[in-house]
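Here's the structure, in structure tokens; my notes come after.
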Amino acid sequence: DGFGEDLKNAIKSHLETKENIDVKDFGSNTYYDAAANVSKAIADGNKNEDATDVIKKDKLSNVGILICGTGMGVGIVANKFPGVRAATCENVSAARCARAVNNANVLCLGQLVTKTDDAKVMVDEFLEQQFNSQPDGEDGTPLNWWSKDVEKFLATSMEGIERVEQEVVKQDK
């Protein structure tokens, strides 16, 4: 939306300089329309592949970045779409953990709370971080809470989340 347009344009330009990244700009609408447009594209892309295989292979071929004033509004709307795991992040460590722990496929940022240079680093780290792989903290050192128990839990967590999501969809019908 208008509160995130400058940051969106800066991130778009930043990503267009990178190899192997195809950027699609959905424009700057209201935050809820922008979030819906990106989330529909993510959800539709997930329908074309078996979601469990995507999770296990840790593909990042179908991810989105949403930006509004705080990142929270777009995140709330995005998470209403099946297969979308949107994370509102305000620092690099959170962006890494969103991928490592939650296998987030949409990064939500806020122009009013995030400096452009910080946002570029957050986007890069989000795209580079793999699911169920120990992330680094803000200072670049490995997080001390990561363990084999965490990895064991995460190995099946996406299937559990998918099950809960399917149960909710059934209840809504």
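The chains in the structure tokens are called A, B, ... from first to last as shown; in each chain the residues are counted from 1, and the ligands are counted from 1 in the order shown.
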
Quick one: residues within 9 Å of Asn29 in chain A, only C-alpha atoms, excluding same-chain residues fewer than 6 positions away - as a list in words?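 Listing them by chain and then by number gives Asp1, Gly2 and Ala35 of chain A.
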
Name the residues in contact with range 91-99 of chain A at a cut-off of 7 Å, using only C-alpha atoms, excluding same-chain residues fewer than 3 positions from it; report them as a PyMOL selection string. chain A and resi 87+102-104+121-122+125-126+129-131+135-138

Can those selected residues be exported to a file as a tab-separated table (two decimals), in the first residue's frame so that it contains C-alpha atoms?
```
chain	number	residue	atom	x	y	z
A	87	ALA	CA	5.82	-13.93	8.93
A	102	ASN	CA	8.32	-21.93	10.50
A	103	ASN	CA	9.18	-22.51	6.83
A	104	ALA	CA	7.59	-19.15	6.07
A	121	VAL	CA	19.53	-7.70	4.47
A	122	MET	CA	16.38	-9.25	5.93
A	125	GLU	CA	18.69	-13.71	4.73
A	126	PHE	CA	15.08	-14.86	4.41
A	129	GLN	CA	17.90	-19.50	5.04
A	130	GLN	CA	16.72	-23.09	4.73
A	131	PHE	CA	13.96	-24.73	6.73
A	135	PRO	CA	19.93	-19.99	11.79
A	136	ASP	CA	22.39	-17.40	12.98
A	137	GLY	CA	21.44	-14.69	15.43
A	138	GLU	CA	21.67	-10.93	14.86
```

Exercise for review: For Gly83 in chain A, work out the shell of residues within 10 Å, counting only C-alpha atoms and skipping chain neighbours fewer than 4 positions away, then give it as a PyMOL selection string.
Suggested key: chain A and resi 39-40+42-47+51+78-79+104-105+161-162+165-166

Write the residues of the preceding selection, restricted to C-alpha atoms, as a PDB file, in the first residue's frame.
```
ATOM      1  CA  SER A  39      -1.188 -14.821  -1.330  1.00  0.00           C
ATOM      2  CA  LYS A  40      -3.400 -16.077  -4.165  1.00  0.00           C
ATOM      3  CA  ILE A  42       1.503 -18.352  -3.547  1.00  0.00           C
ATOM      4  CA  ALA A  43      -1.533 -20.559  -2.868  1.00  0.00           C
ATOM      5  CA  ASP A  44      -2.034 -21.248  -6.590  1.00  0.00           C
ATOM      6  CA  GLY A  45       1.646 -22.129  -6.955  1.00  0.00           C
ATOM      7  CA  ASN A  46       1.364 -24.549  -4.051  1.00  0.00           C
ATOM      8  CA  LYS A  47      -1.532 -26.312  -5.787  1.00  0.00           C
ATOM      9  CA  ALA A  51       3.054 -29.324  -0.622  1.00  0.00           C
ATOM     10  CA  ALA A  78      -1.896 -13.292   3.903  1.00  0.00           C
ATOM     11  CA  ASN A  79      -2.270 -15.967   6.578  1.00  0.00           C
ATOM     12  CA  ALA A 104       7.588 -19.153   6.067  1.00  0.00           C
ATOM     13  CA  ASN A 105       6.972 -18.521   2.394  1.00  0.00           C
ATOM     14  CA  ILE A 161       0.432 -27.632  10.343  1.00  0.00           C
ATOM     15  CA  GLU A 162      -0.940 -28.855   7.022  1.00  0.00           C
ATOM     16  CA  GLU A 165      -5.055 -26.167   8.081  1.00  0.00           C
ATOM     17  CA  GLN A 166      -7.076 -28.838   6.267  1.00  0.00           C
TER      18      GLN A 166
END
```

As a list in words, which residues of chain A does DSSP assign to strand (DSSP E)? Gly64, Ile65, Leu66, Ile67, Cys68, Ala86, Ala87, Thr88, Val106, Leu107, Cys108, Leu109 and Gly110 of chain A

Selection to disk with all heavy atoms, as a short mmCIF file (atom, residue, chain, number, x, y, z; two decimals), in the first residue's frame:
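Listed below is the output, result-v2.cif:
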```
data_model
loop_
_atom_site.label_atom_id
_atom_site.label_comp_id
_atom_site.auth_asym_id
_atom_site.auth_seq_id
_atom_site.Cartn_x
_atom_site.Cartn_y
_atom_site.Cartn_z
N GLY A 64 6.82 -14.92 -1.40
CA GLY A 64 6.39 -13.55 -1.61
C GLY A 64 6.95 -12.64 -0.55
O GLY A 64 7.35 -13.07 0.53
N ILE A 65 6.97 -11.38 -0.88
CA ILE A 65 7.37 -10.33 0.06
C ILE A 65 6.26 -9.30 0.03
O ILE A 65 5.87 -8.82 -1.04
CB ILE A 65 8.72 -9.70 -0.32
CG1 ILE A 65 9.81 -10.77 -0.30
CG2 ILE A 65 9.05 -8.54 0.61
CD1 ILE A 65 11.13 -10.34 -0.89
N LEU A 66 5.73 -9.01 1.20
CA LEU A 66 4.65 -8.03 1.34
C LEU A 66 5.11 -6.89 2.22
O LEU A 66 5.77 -7.12 3.24
CB LEU A 66 3.41 -8.68 1.95
CG LEU A 66 2.64 -9.62 1.04
CD1 LEU A 66 1.65 -10.45 1.84
CD2 LEU A 66 1.93 -8.83 -0.05
N ILE A 67 4.75 -5.68 1.84
CA ILE A 67 5.18 -4.51 2.60
C ILE A 67 4.01 -3.55 2.75
O ILE A 67 3.32 -3.22 1.78
CB ILE A 67 6.35 -3.80 1.90
CG1 ILE A 67 7.52 -4.77 1.72
CG2 ILE A 67 6.79 -2.57 2.69
CD1 ILE A 67 8.63 -4.29 0.82
N CYS A 68 3.78 -3.15 3.99
CA CYS A 68 2.82 -2.09 4.28
C CYS A 68 3.47 -1.18 5.31
O CYS A 68 4.69 -1.17 5.43
CB CYS A 68 1.47 -2.65 4.74
SG CYS A 68 1.47 -3.51 6.33
N ALA A 86 2.90 -16.66 6.31
CA ALA A 86 3.46 -15.30 6.31
C ALA A 86 4.01 -14.96 7.68
O ALA A 86 3.39 -15.26 8.70
CB ALA A 86 2.39 -14.30 5.90
N ALA A 87 5.17 -14.33 7.68
CA ALA A 87 5.82 -13.93 8.93
C ALA A 87 6.18 -12.45 8.86
O ALA A 87 6.87 -12.02 7.94
CB ALA A 87 7.07 -14.76 9.17
N THR A 88 5.67 -11.70 9.82
CA THR A 88 6.04 -10.30 9.94
C THR A 88 7.33 -10.23 10.75
O THR A 88 7.37 -10.72 11.88
CB THR A 88 4.92 -9.49 10.63
OG1 THR A 88 3.74 -9.61 9.85
CG2 THR A 88 5.30 -8.03 10.78
N VAL A 106 6.20 -16.28 2.95
CA VAL A 106 5.94 -14.87 2.70
C VAL A 106 6.58 -14.06 3.82
O VAL A 106 6.32 -14.32 5.00
CB VAL A 106 4.42 -14.56 2.63
CG1 VAL A 106 4.18 -13.06 2.45
CG2 VAL A 106 3.77 -15.34 1.49
N LEU A 107 7.42 -13.12 3.44
CA LEU A 107 8.06 -12.21 4.39
C LEU A 107 7.29 -10.90 4.36
O LEU A 107 7.09 -10.31 3.29
CB LEU A 107 9.52 -11.97 4.00
CG LEU A 107 10.28 -10.94 4.82
CD1 LEU A 107 10.40 -11.37 6.28
CD2 LEU A 107 11.66 -10.69 4.20
N CYS A 108 6.85 -10.45 5.53
CA CYS A 108 6.10 -9.21 5.65
C CYS A 108 6.97 -8.18 6.36
O CYS A 108 7.50 -8.45 7.44
CB CYS A 108 4.80 -9.43 6.43
SG CYS A 108 3.74 -10.70 5.71
N LEU A 109 7.08 -7.02 5.75
CA LEU A 109 7.91 -5.94 6.30
C LEU A 109 7.10 -4.66 6.41
O LEU A 109 6.11 -4.48 5.69
CB LEU A 109 9.12 -5.69 5.39
CG LEU A 109 10.06 -6.86 5.16
CD1 LEU A 109 11.09 -6.51 4.09
CD2 LEU A 109 10.74 -7.24 6.46
N GLY A 110 7.55 -3.77 7.30
CA GLY A 110 6.89 -2.50 7.48
C GLY A 110 7.82 -1.33 7.19
O GLY A 110 8.88 -1.21 7.79
#
```

Excluding range 149-155 of chain A and residues on its chain fewer than 5 positions from it, collect all residues at most 10 Å away from it, counting only C-alpha atoms, and give them as a PyMOL selection string. chain A and resi 55-56+100-103+131-134+160

Same residues, C-alpha atoms, saved as a short mmCIF file (atom, residue, chain, number, x, y, z; two decimals), in the first residue's frame:
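Once everything was written out, this is again25.cif:
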```cif
data_model
loop_
_atom_site.label_atom_id
_atom_site.label_comp_id
_atom_site.auth_asym_id
_atom_site.auth_seq_id
_atom_site.Cartn_x
_atom_site.Cartn_y
_atom_site.Cartn_z
CA ILE A 55 8.43 -28.59 2.29
CA LYS A 56 10.85 -31.51 2.33
CA ALA A 100 14.36 -22.03 9.68
CA VAL A 101 11.61 -22.78 12.20
CA ASN A 102 8.32 -21.93 10.50
CA ASN A 103 9.18 -22.51 6.83
CA PHE A 131 13.96 -24.73 6.73
CA ASN A 132 15.09 -26.93 9.62
CA SER A 133 18.62 -25.58 9.40
CA GLN A 134 20.23 -23.74 12.31
CA GLY A 160 1.06 -31.20 11.44
#
```

I'd like the neighbourhood of range 8-10 of chain A as a PyMOL selection string, where a residue qualifies if any of its atoms comes within 8 Å (using only C-alpha atoms), though same-chain residues fewer than 2 positions away should be ignored.
chain A and resi 4-6+12-14+66-67+116

Produce a file of the selected residues containing C-alpha atoms, as a PDB file, in the first residue's frame.
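Saved the output as part37.pdb:
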```pdb
ATOM      1  CA  GLY A   4       5.041   0.646   1.975  1.00  0.00           C
ATOM      2  CA  GLU A   5       5.485   1.656  -1.656  1.00  0.00           C
ATOM      3  CA  ASP A   6       8.938   3.250  -1.338  1.00  0.00           C
ATOM      4  CA  LYS A  12      12.218  -4.829  -5.966  1.00  0.00           C
ATOM      5  CA  SER A  13      15.250  -2.993  -7.393  1.00  0.00           C
ATOM      6  CA  HIS A  14      17.522  -4.843  -4.975  1.00  0.00           C
ATOM      7  CA  LEU A  66       4.651  -8.029   1.335  1.00  0.00           C
ATOM      8  CA  ILE A  67       5.183  -4.509   2.603  1.00  0.00           C
ATOM      9  CA  THR A 116      15.705   0.228   3.720  1.00  0.00           C
TER      10      THR A 116
END
```

Practice item. Compare A:Asn144, A:Gly75, A:Ala41, A:Gln171 by their minimum atom-to-atom distance to Phe26 in chain A, counting only C-alpha atoms, and give me the closest one. Key: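 Looking only at the distances to Phe26 in chain A, the closest residue turns out to be A:Ala41.
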
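Picture a line from CA of Val168 in chain A to CA of Thr70 in chain A; it runs 27.4 Å.
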
Q. What is the distance between CA of Tyr32 in chain A and CA of Gly73 in chain A, in Å to one decimal?
A.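 So the answer is 7.2 Å.
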
Exercise. Taking into account only C-alpha atoms, which residue in the set A:Glu16, A:Gly27, A:Phe3, A:Ala119 is nearest to Gly69 in chain A?
Worked result: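 Of the candidates, the smallest distance to Gly69 in chain A is held by A:Phe3.
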
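Going from CA of Gln111 in chain A to CA of Thr141 in chain A covers 27.0 Å.
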
From the set A:Asp118, A:Asn62, A:Trp146, A:Val38, which residue has the shortest atom-to-atom contact distance to Asp25 in chain A, counting only C-alpha atoms?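 Between A:Asp118, A:Asn62, A:Trp146, A:Val38, the residue approaching Asp25 in chain A most closely is A:Val38.
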